[in-house]
Amino acid sequence: MTAPLDGRVALVAGATRGAGRGIAVELGAAGATVYVTGRSTRARRSEYDRPETIEDTADLVTAAGGRGVAVPTDHLDAARVRDLVDRIAREAGRLDVLVNDIWGGEALFEWETPIWEHDLDKGLRLLRLAVETHAITSHHALPLLLRHPGGLVVEVTDGTDDYNRDHYRNSFFYDLAKSSVVRMAFSLGHELGPRGATALALTPGWMRSEIMLDQFGVREENWRDALAQEPHFAVSESPRYVGRAVAALAADPDVARFNGRSLSSGGLAREYGFTDLDGSRPDAWRYLVEVQEAGGPADATGYR
């Protein structure tokens with residue numbers, strides 16, 4: 001049986017870990033060839049200094065049924081991004097899906113710290129990593145994506161447009177970065193829509209990334225043990241959940257109806273009917289407003 005994305009080519013920029021890895025693997029499971037990029041390789045780690053590598057991600061893509069291709073890339077280096085896109089054009093001749101998931105700011109923002117107290121160098125570095133990288137990648141990759149009609153650009157962020165509009169997100173720099181990515185999707189939708197392509201913003205919920213699991217001292221296999229520390233973690237989701245959202249979008253012939261929109265993994269699970277790895281459908285953003293911020297007891301019943 002033909003996989004829904006057989007013959008399609010994707011670039012997941014920022015696929016070393018977290019949402020990027022989950023997205024890359026699920027695109028591979030749907031049959032796509034997936035180019036995965038990042039700065040952490042088996043030969044050299046980024047400043048994150050973590051064990052995950054883009055080669056590992058590529059192997060997971062291939063094991064899932066697709067073809068994973070690891071290309072070490074610093075997306076602040078425009079020449080290297082240009083070379084990356086030239087390689088995709090030379091080897092694959094097309095680009096159907098671009099996922100901008102570059103982030104790199106985990107150690108750079110300071111919670112609830114006003115701009116005049118926040119480390120300025122770290123804040124500006126965060127903006128470069130989270131915003132400038134996306135612009136550079138889109139600048140070089142979109143001409144290739146537009147060679148064939150029906151291309152899809154997914155800007156991965158934290159929070160929907162509706163939620164971020166009314167909520168202060170951690171710090172000036174974090175807030176600006178995540179809101180900027182949502183606006184990027186809107187702007188790209190304006191530019192791509194008339195040219196036969198679609199751009200949208202997508203947020204996971206409370207995601208069980210490798211870093212988050214480490215913070216709680218658990219693994220994916222026993223993540224529920226973290227509920228003793230944080231009961232609201234009951235609504236969390238695996239990185240593969242947002243990956244299934246992207247795969248569903250990429251396979252949807254009517255995806256243009258979402259052009260310029262801000263979407264969530266939980267909302268798209270209701271739209272397309274996919275589930276997380278455990279068969280549930282977490283809806284973290286609805287839970288956050290209706291339960292956690294409302295002061296209710298931690299209970300994910302009806303939200304997963």
# chains A, B, ... in the order shown; residues from 1 in each chain; ligands from 1
$ residues_around --residues "A:Arg224" --least-positions-apart "5" --cutoff "9 Å" --atoms "only C-alpha atoms" --output "NGL selection string"
:A and (218 or 233-234)
$ write_last_selection --atoms "N, CA and C atoms" --output "PDB file, in the first residue's frame"
ATOM      1  N   VAL A 218      12.576  11.536  34.301  1.00  0.00           N
ATOM      2  CA  VAL A 218      11.824  10.382  33.812  1.00  0.00           C
ATOM      3  C   VAL A 218      12.176  10.116  32.360  1.00  0.00           C
ATOM      4  N   PHE A 233       1.086  17.886  34.439  1.00  0.00           N
ATOM      5  CA  PHE A 233       1.830  17.220  33.366  1.00  0.00           C
ATOM      6  C   PHE A 233       1.012  16.082  32.763  1.00  0.00           C
ATOM      7  N   ALA A 234      -0.102  15.774  33.392  1.00  0.00           N
ATOM      8  CA  ALA A 234      -0.987  14.713  32.900  1.00  0.00           C
ATOM      9  C   ALA A 234      -1.510  15.005  31.497  1.00  0.00           C
TER      10      ALA A 234
END
$ residues_around --residues "stretch 169-185 of chain A" --least-positions-apart "4" --cutoff "6 Å" --atoms "only C-alpha atoms" --output "VMD selection string"
chain A and resid 111 to 113 115 123 127 157 to 158 189 199 to 201 260
$ closest_residue --among "A:Arg286, A:Arg261, A:Arg270, A:Arg147" --to "A:His190" --atoms "only C-alpha atoms"
A:Arg261
$ residues_around --residues "A:Val242" --least-positions-apart "3" --cutoff "12 Å" --atoms "only C-alpha atoms" --output "MDAnalysis selection string"
chainID A and resid 18:27 99 101 154 156:158 201:209 236:239 245:249 263:269 274:277 281:284
$ atom_distance --atom1 "atom CA of A:Asp56" --atom2 "atom CA of A:Ala79"
24.7 Å
$ closest_residue --among "A:Ala43, A:Ala32, A:Leu188, A:Val291" --to "A:Val153" --atoms "only C-alpha atoms"
A:Leu188
$ residues_around --residues "A:Thr62" --least-positions-apart "4" --cutoff "12 Å" --atoms "only C-alpha atoms" --output "JSON, numbers by chain"
{"A": [24, 25, 26, 27, 28, 29, 30, 31, 32, 33, 34, 35, 36, 55, 56, 57, 58, 66, 67, 68, 69, 70]}
$ write_last_selection --atoms "N, CA, C and O atoms" --output "mmCIF file, in the first residue's frame"
data_model
loop_
_atom_site.group_PDB
_atom_site.id
_atom_site.type_symbol
_atom_site.label_atom_id
_atom_site.label_comp_id
_atom_site.auth_asym_id
_atom_site.auth_seq_id
_atom_site.Cartn_x
_atom_site.Cartn_y
_atom_site.Cartn_z
ATOM 1 N N ALA A 24 9.998 15.029 11.968
ATOM 2 C CA ALA A 24 10.771 14.321 10.949
ATOM 3 C C ALA A 24 10.417 12.843 10.913
ATOM 4 O O ALA A 24 10.230 12.256 9.835
ATOM 5 N N VAL A 25 10.304 12.212 12.077
ATOM 6 C CA VAL A 25 10.010 10.779 12.129
ATOM 7 C C VAL A 25 8.628 10.491 11.561
ATOM 8 O O VAL A 25 8.443 9.528 10.798
ATOM 9 N N GLU A 26 7.644 11.314 11.893
ATOM 10 C CA GLU A 26 6.296 11.056 11.393
ATOM 11 C C GLU A 26 6.179 11.338 9.898
ATOM 12 O O GLU A 26 5.427 10.649 9.192
ATOM 13 N N LEU A 27 6.917 12.309 9.376
ATOM 14 C CA LEU A 27 6.953 12.498 7.925
ATOM 15 C C LEU A 27 7.579 11.274 7.255
ATOM 16 O O LEU A 27 7.125 10.832 6.198
ATOM 17 N N GLY A 28 8.609 10.725 7.885
ATOM 18 C CA GLY A 28 9.212 9.496 7.373
ATOM 19 C C GLY A 28 8.244 8.329 7.433
ATOM 20 O O GLY A 28 8.151 7.536 6.491
ATOM 21 N N ALA A 29 7.498 8.218 8.518
ATOM 22 C CA ALA A 29 6.522 7.133 8.649
ATOM 23 C C ALA A 29 5.446 7.218 7.568
ATOM 24 O O ALA A 29 4.855 6.197 7.195
ATOM 25 N N ALA A 30 5.209 8.435 7.070
ATOM 26 C CA ALA A 30 4.238 8.620 5.988
ATOM 27 C C ALA A 30 4.859 8.441 4.613
ATOM 28 O O ALA A 30 4.184 8.626 3.608
ATOM 29 N N GLY A 31 6.168 8.092 4.573
ATOM 30 C CA GLY A 31 6.811 7.751 3.317
ATOM 31 C C GLY A 31 7.696 8.808 2.698
ATOM 32 O O GLY A 31 8.247 8.592 1.612
ATOM 33 N N ALA A 32 7.852 9.942 3.358
ATOM 34 C CA ALA A 32 8.610 11.043 2.759
ATOM 35 C C ALA A 32 10.123 10.834 2.869
ATOM 36 O O ALA A 32 10.615 10.128 3.754
ATOM 37 N N THR A 33 10.842 11.473 1.956
ATOM 38 C CA THR A 33 12.278 11.691 2.124
ATOM 39 C C THR A 33 12.430 12.957 2.947
ATOM 40 O O THR A 33 11.866 14.000 2.602
ATOM 41 N N VAL A 34 13.178 12.870 4.044
ATOM 42 C CA VAL A 34 13.251 13.989 4.978
ATOM 43 C C VAL A 34 14.708 14.394 5.191
ATOM 44 O O VAL A 34 15.514 13.606 5.716
ATOM 45 N N TYR A 35 15.023 15.599 4.789
ATOM 46 C CA TYR A 35 16.319 16.191 5.109
ATOM 47 C C TYR A 35 16.199 16.819 6.490
ATOM 48 O O TYR A 35 15.295 17.624 6.746
ATOM 49 N N VAL A 36 17.106 16.430 7.377
ATOM 50 C CA VAL A 36 17.057 16.919 8.751
ATOM 51 C C VAL A 36 18.334 17.697 9.050
ATOM 52 O O VAL A 36 19.435 17.267 8.698
ATOM 53 N N GLU A 55 22.181 12.890 12.989
ATOM 54 C CA GLU A 55 22.343 11.558 12.394
ATOM 55 C C GLU A 55 21.378 10.559 13.045
ATOM 56 O O GLU A 55 20.789 9.715 12.351
ATOM 57 N N ASP A 56 21.199 10.682 14.362
ATOM 58 C CA ASP A 56 20.239 9.813 15.048
ATOM 59 C C ASP A 56 18.830 10.055 14.517
ATOM 60 O O ASP A 56 18.058 9.109 14.293
ATOM 61 N N THR A 57 18.492 11.322 14.321
ATOM 62 C CA THR A 57 17.169 11.640 13.786
ATOM 63 C C THR A 57 16.981 11.039 12.403
ATOM 64 O O THR A 57 15.940 10.440 12.094
ATOM 65 N N ALA A 58 17.987 11.176 11.545
ATOM 66 C CA ALA A 58 17.891 10.613 10.192
ATOM 67 C C ALA A 58 17.692 9.101 10.250
ATOM 68 O O ALA A 58 16.901 8.531 9.480
ATOM 69 N N GLY A 66 10.626 6.022 5.994
ATOM 70 C CA GLY A 66 10.999 7.033 5.006
ATOM 71 C C GLY A 66 12.467 6.946 4.669
ATOM 72 O O GLY A 66 13.100 5.898 4.806
ATOM 73 N N ARG A 67 13.019 8.050 4.218
ATOM 74 C CA ARG A 67 14.449 8.141 3.959
ATOM 75 C C ARG A 67 14.971 9.386 4.648
ATOM 76 O O ARG A 67 14.589 10.500 4.305
ATOM 77 N N GLY A 68 15.800 9.196 5.652
ATOM 78 C CA GLY A 68 16.345 10.317 6.398
ATOM 79 C C GLY A 68 17.717 10.706 5.890
ATOM 80 O O GLY A 68 18.566 9.850 5.667
ATOM 81 N N VAL A 69 17.924 11.998 5.704
ATOM 82 C CA VAL A 69 19.201 12.533 5.227
ATOM 83 C C VAL A 69 19.643 13.628 6.194
ATOM 84 O O VAL A 69 18.974 14.663 6.310
ATOM 85 N N ALA A 70 20.730 13.407 6.895
ATOM 86 C CA ALA A 70 21.241 14.380 7.862
ATOM 87 C C ALA A 70 22.211 15.343 7.186
ATOM 88 O O ALA A 70 23.160 14.905 6.528
#
$ select_by_dssp --residues "stretch 131-253 of chain A" --states "helix (DSSP H, G or I)" --output "MDAnalysis selection string"
chainID A and resid 131:145 161:166 172:195 210:216 220:228 231:235 239:251
$ residues_around --residues "A:Thr37" --least-positions-apart "3" --cutoff "7 Å" --atoms "only C-alpha atoms" --output "JSON, numbers by chain"
{"A": [12, 13, 14, 15, 16, 54, 70, 71, 72, 73]}
$ closest_residue --among "A:Leu120, A:Leu108, A:Arg125, A:Gly150" --to "A:Pro253" --atoms "only C-alpha atoms"
A:Gly150
$ atom_distance --atom1 "atom CA of A:Leu95" --atom2 "atom CA of A:Ala3"
17.5 Å
$ closest_residue --among "A:Arg128, A:His134, A:Pro114, A:His148" --to "A:Tyr168" --atoms "only C-alpha atoms"
A:Pro114
$ closest_residue --among "A:Val255, A:Ala226, A:Ala298, A:Leu11" --to "A:Val97" --atoms "only C-alpha atoms"
A:Leu11
$ residues_around --residues "A:Leu146" --least-positions-apart "2" --cutoff "12 Å" --atoms "only C-alpha atoms" --output "NGL selection string"
:A and (89 or 93-98 or 138-144 or 148-153 or 191-199)
$ closest_residue --among "A:Asn100, A:Phe258, A:Ala228, A:Leu124" --to "A:Glu155" --atoms "only C-alpha atoms"
A:Asn100
$ residues_around --residues "A:Trp103" --least-positions-apart "6" --cutoff "8 Å" --atoms "only C-alpha atoms" --output "VMD selection string"
chain A and resid 14 126 129 to 130
$ atom_distance --atom1 "atom CA of A:Thr133" --atom2 "atom CA of A:His75"
5.1 Å
$ select_by_dssp --residues "stretch 59-185 of chain A" --states "strand (DSSP E)" --output "ChimeraX atom specification"
/A:67-72,97-100,152-156
$ write_last_selection --atoms "N, CA, C and O atoms" --output "PDB file, in the first residue's frame"
ATOM      1  N   ARG A  67      13.019   8.050   4.218  1.00  0.00           N
ATOM      2  CA  ARG A  67      14.449   8.141   3.959  1.00  0.00           C
ATOM      3  C   ARG A  67      14.971   9.386   4.648  1.00  0.00           C
ATOM      4  O   ARG A  67      14.589  10.500   4.305  1.00  0.00           O
ATOM      5  N   GLY A  68      15.800   9.196   5.652  1.00  0.00           N
ATOM      6  CA  GLY A  68      16.345  10.317   6.398  1.00  0.00           C
ATOM      7  C   GLY A  68      17.717  10.706   5.890  1.00  0.00           C
ATOM      8  O   GLY A  68      18.566   9.850   5.667  1.00  0.00           O
ATOM      9  N   VAL A  69      17.924  11.998   5.704  1.00  0.00           N
ATOM     10  CA  VAL A  69      19.201  12.533   5.227  1.00  0.00           C
ATOM     11  C   VAL A  69      19.643  13.628   6.194  1.00  0.00           C
ATOM     12  O   VAL A  69      18.974  14.663   6.310  1.00  0.00           O
ATOM     13  N   ALA A  70      20.730  13.407   6.895  1.00  0.00           N
ATOM     14  CA  ALA A  70      21.241  14.380   7.862  1.00  0.00           C
ATOM     15  C   ALA A  70      22.211  15.343   7.186  1.00  0.00           C
ATOM     16  O   ALA A  70      23.160  14.905   6.528  1.00  0.00           O
ATOM     17  N   VAL A  71      21.974  16.636   7.367  1.00  0.00           N
ATOM     18  CA  VAL A  71      22.861  17.661   6.803  1.00  0.00           C
ATOM     19  C   VAL A  71      23.193  18.653   7.911  1.00  0.00           C
ATOM     20  O   VAL A  71      22.351  19.478   8.277  1.00  0.00           O
ATOM     21  N   PRO A  72      24.403  18.602   8.477  1.00  0.00           N
ATOM     22  CA  PRO A  72      24.773  19.571   9.518  1.00  0.00           C
ATOM     23  C   PRO A  72      24.648  20.996   8.981  1.00  0.00           C
ATOM     24  O   PRO A  72      25.223  21.331   7.946  1.00  0.00           O
ATOM     25  N   VAL A  97       7.689  20.115   1.516  1.00  0.00           N
ATOM     26  CA  VAL A  97       7.354  20.546   2.873  1.00  0.00           C
ATOM     27  C   VAL A  97       8.591  21.171   3.506  1.00  0.00           C
ATOM     28  O   VAL A  97       9.663  20.563   3.518  1.00  0.00           O
ATOM     29  N   LEU A  98       8.431  22.384   4.013  1.00  0.00           N
ATOM     30  CA  LEU A  98       9.470  23.041   4.805  1.00  0.00           C
ATOM     31  C   LEU A  98       8.941  23.239   6.213  1.00  0.00           C
ATOM     32  O   LEU A  98       7.888  23.860   6.409  1.00  0.00           O
ATOM     33  N   VAL A  99       9.653  22.693   7.192  1.00  0.00           N
ATOM     34  CA  VAL A  99       9.300  22.881   8.595  1.00  0.00           C
ATOM     35  C   VAL A  99      10.391  23.723   9.243  1.00  0.00           C
ATOM     36  O   VAL A  99      11.538  23.279   9.360  1.00  0.00           O
ATOM     37  N   ASN A 100      10.039  24.927   9.636  1.00  0.00           N
ATOM     38  CA  ASN A 100      10.971  25.798  10.354  1.00  0.00           C
ATOM     39  C   ASN A 100      10.787  25.585  11.848  1.00  0.00           C
ATOM     40  O   ASN A 100       9.884  26.156  12.475  1.00  0.00           O
ATOM     41  N   LEU A 152       3.999  23.165   1.279  1.00  0.00           N
ATOM     42  CA  LEU A 152       3.548  23.494   2.635  1.00  0.00           C
ATOM     43  C   LEU A 152       4.721  23.992   3.468  1.00  0.00           C
ATOM     44  O   LEU A 152       5.782  23.365   3.490  1.00  0.00           O
ATOM     45  N   VAL A 153       4.525  25.118   4.163  1.00  0.00           N
ATOM     46  CA  VAL A 153       5.501  25.648   5.114  1.00  0.00           C
ATOM     47  C   VAL A 153       4.858  25.629   6.492  1.00  0.00           C
ATOM     48  O   VAL A 153       3.762  26.162   6.683  1.00  0.00           O
ATOM     49  N   VAL A 154       5.548  25.021   7.449  1.00  0.00           N
ATOM     50  CA  VAL A 154       5.064  24.964   8.830  1.00  0.00           C
ATOM     51  C   VAL A 154       6.050  25.707   9.719  1.00  0.00           C
ATOM     52  O   VAL A 154       7.219  25.323   9.819  1.00  0.00           O
ATOM     53  N   GLU A 155       5.568  26.776  10.337  1.00  0.00           N
ATOM     54  CA  GLU A 155       6.358  27.532  11.310  1.00  0.00           C
ATOM     55  C   GLU A 155       6.007  27.025  12.702  1.00  0.00           C
ATOM     56  O   GLU A 155       4.885  27.209  13.181  1.00  0.00           O
ATOM     57  N   VAL A 156       6.955  26.364  13.352  1.00  0.00           N
ATOM     58  CA  VAL A 156       6.701  25.771  14.668  1.00  0.00           C
ATOM     59  C   VAL A 156       7.002  26.799  15.754  1.00  0.00           C
ATOM     60  O   VAL A 156       8.066  27.425  15.758  1.00  0.00           O
TER      61      VAL A 156
END
$ decode --residues "stretch 48-70 of chain A" --atoms "N, CA and C atoms" --output "mmCIF file, in the first residue's frame"
data_model
loop_
_atom_site.group_PDB
_atom_site.id
_atom_site.type_symbol
_atom_site.label_atom_id
_atom_site.label_comp_id
_atom_site.auth_asym_id
_atom_site.auth_seq_id
_atom_site.Cartn_x
_atom_site.Cartn_y
_atom_site.Cartn_z
ATOM 1 N N TYR A 48 24.188 23.431 23.371
ATOM 2 C CA TYR A 48 23.270 22.672 24.223
ATOM 3 C C TYR A 48 24.015 21.575 24.974
ATOM 4 N N ASP A 49 25.054 21.027 24.324
ATOM 5 C CA ASP A 49 25.874 19.973 24.912
ATOM 6 C C ASP A 49 25.020 18.788 25.362
ATOM 7 N N ARG A 50 24.149 18.337 24.429
ATOM 8 C CA ARG A 50 23.289 17.204 24.707
ATOM 9 C C ARG A 50 23.628 16.059 23.760
ATOM 10 N N PRO A 51 23.191 14.835 24.077
ATOM 11 C CA PRO A 51 23.604 13.674 23.281
ATOM 12 C C PRO A 51 22.851 13.492 21.967
ATOM 13 N N GLU A 52 21.686 14.120 21.781
ATOM 14 C CA GLU A 52 20.923 13.909 20.553
ATOM 15 C C GLU A 52 21.674 14.497 19.350
ATOM 16 N N THR A 53 21.613 13.787 18.217
ATOM 17 C CA THR A 53 22.292 14.252 17.010
ATOM 18 C C THR A 53 21.351 14.167 15.818
ATOM 19 N N ILE A 54 21.690 14.924 14.760
ATOM 20 C CA ILE A 54 20.854 14.858 13.561
ATOM 21 C C ILE A 54 21.024 13.522 12.841
ATOM 22 N N GLU A 55 22.181 12.890 12.989
ATOM 23 C CA GLU A 55 22.343 11.558 12.394
ATOM 24 C C GLU A 55 21.378 10.559 13.045
ATOM 25 N N ASP A 56 21.199 10.682 14.362
ATOM 26 C CA ASP A 56 20.239 9.813 15.048
ATOM 27 C C ASP A 56 18.830 10.055 14.517
ATOM 28 N N THR A 57 18.492 11.322 14.321
ATOM 29 C CA THR A 57 17.169 11.640 13.786
ATOM 30 C C THR A 57 16.981 11.039 12.403
ATOM 31 N N ALA A 58 17.987 11.176 11.545
ATOM 32 C CA ALA A 58 17.891 10.613 10.192
ATOM 33 C C ALA A 58 17.692 9.101 10.250
ATOM 34 N N ASP A 59 18.387 8.436 11.151
ATOM 35 C CA ASP A 59 18.229 6.983 11.292
ATOM 36 C C ASP A 59 16.809 6.633 11.724
ATOM 37 N N LEU A 60 16.227 7.434 12.619
ATOM 38 C CA LEU A 60 14.866 7.183 13.070
ATOM 39 C C LEU A 60 13.867 7.386 11.933
ATOM 40 N N VAL A 61 14.117 8.382 11.090
ATOM 41 C CA VAL A 61 13.249 8.620 9.928
ATOM 42 C C VAL A 61 13.258 7.392 9.012
ATOM 43 N N THR A 62 14.454 6.876 8.738
ATOM 44 C CA THR A 62 14.579 5.711 7.855
ATOM 45 C C THR A 62 13.936 4.480 8.480
ATOM 46 N N ALA A 63 14.139 4.299 9.779
ATOM 47 C CA ALA A 63 13.544 3.152 10.466
ATOM 48 C C ALA A 63 12.021 3.220 10.459
ATOM 49 N N ALA A 64 11.484 4.446 10.417
ATOM 50 C CA ALA A 64 10.030 4.611 10.415
ATOM 51 C C ALA A 64 9.405 4.318 9.060
ATOM 52 N N GLY A 65 10.236 4.213 8.009
ATOM 53 C CA GLY A 65 9.719 3.891 6.691
ATOM 54 C C GLY A 65 10.010 4.901 5.615
ATOM 55 N N GLY A 66 10.626 6.022 5.994
ATOM 56 C CA GLY A 66 10.999 7.033 5.006
ATOM 57 C C GLY A 66 12.467 6.946 4.669
ATOM 58 N N ARG A 67 13.019 8.050 4.218
ATOM 59 C CA ARG A 67 14.449 8.141 3.959
ATOM 60 C C ARG A 67 14.971 9.386 4.648
ATOM 61 N N GLY A 68 15.800 9.196 5.652
ATOM 62 C CA GLY A 68 16.345 10.317 6.398
ATOM 63 C C GLY A 68 17.717 10.706 5.890
ATOM 64 N N VAL A 69 17.924 11.998 5.704
ATOM 65 C CA VAL A 69 19.201 12.533 5.227
ATOM 66 C C VAL A 69 19.643 13.628 6.194
ATOM 67 N N ALA A 70 20.730 13.407 6.895
ATOM 68 C CA ALA A 70 21.241 14.380 7.862
ATOM 69 C C ALA A 70 22.211 15.343 7.186
#
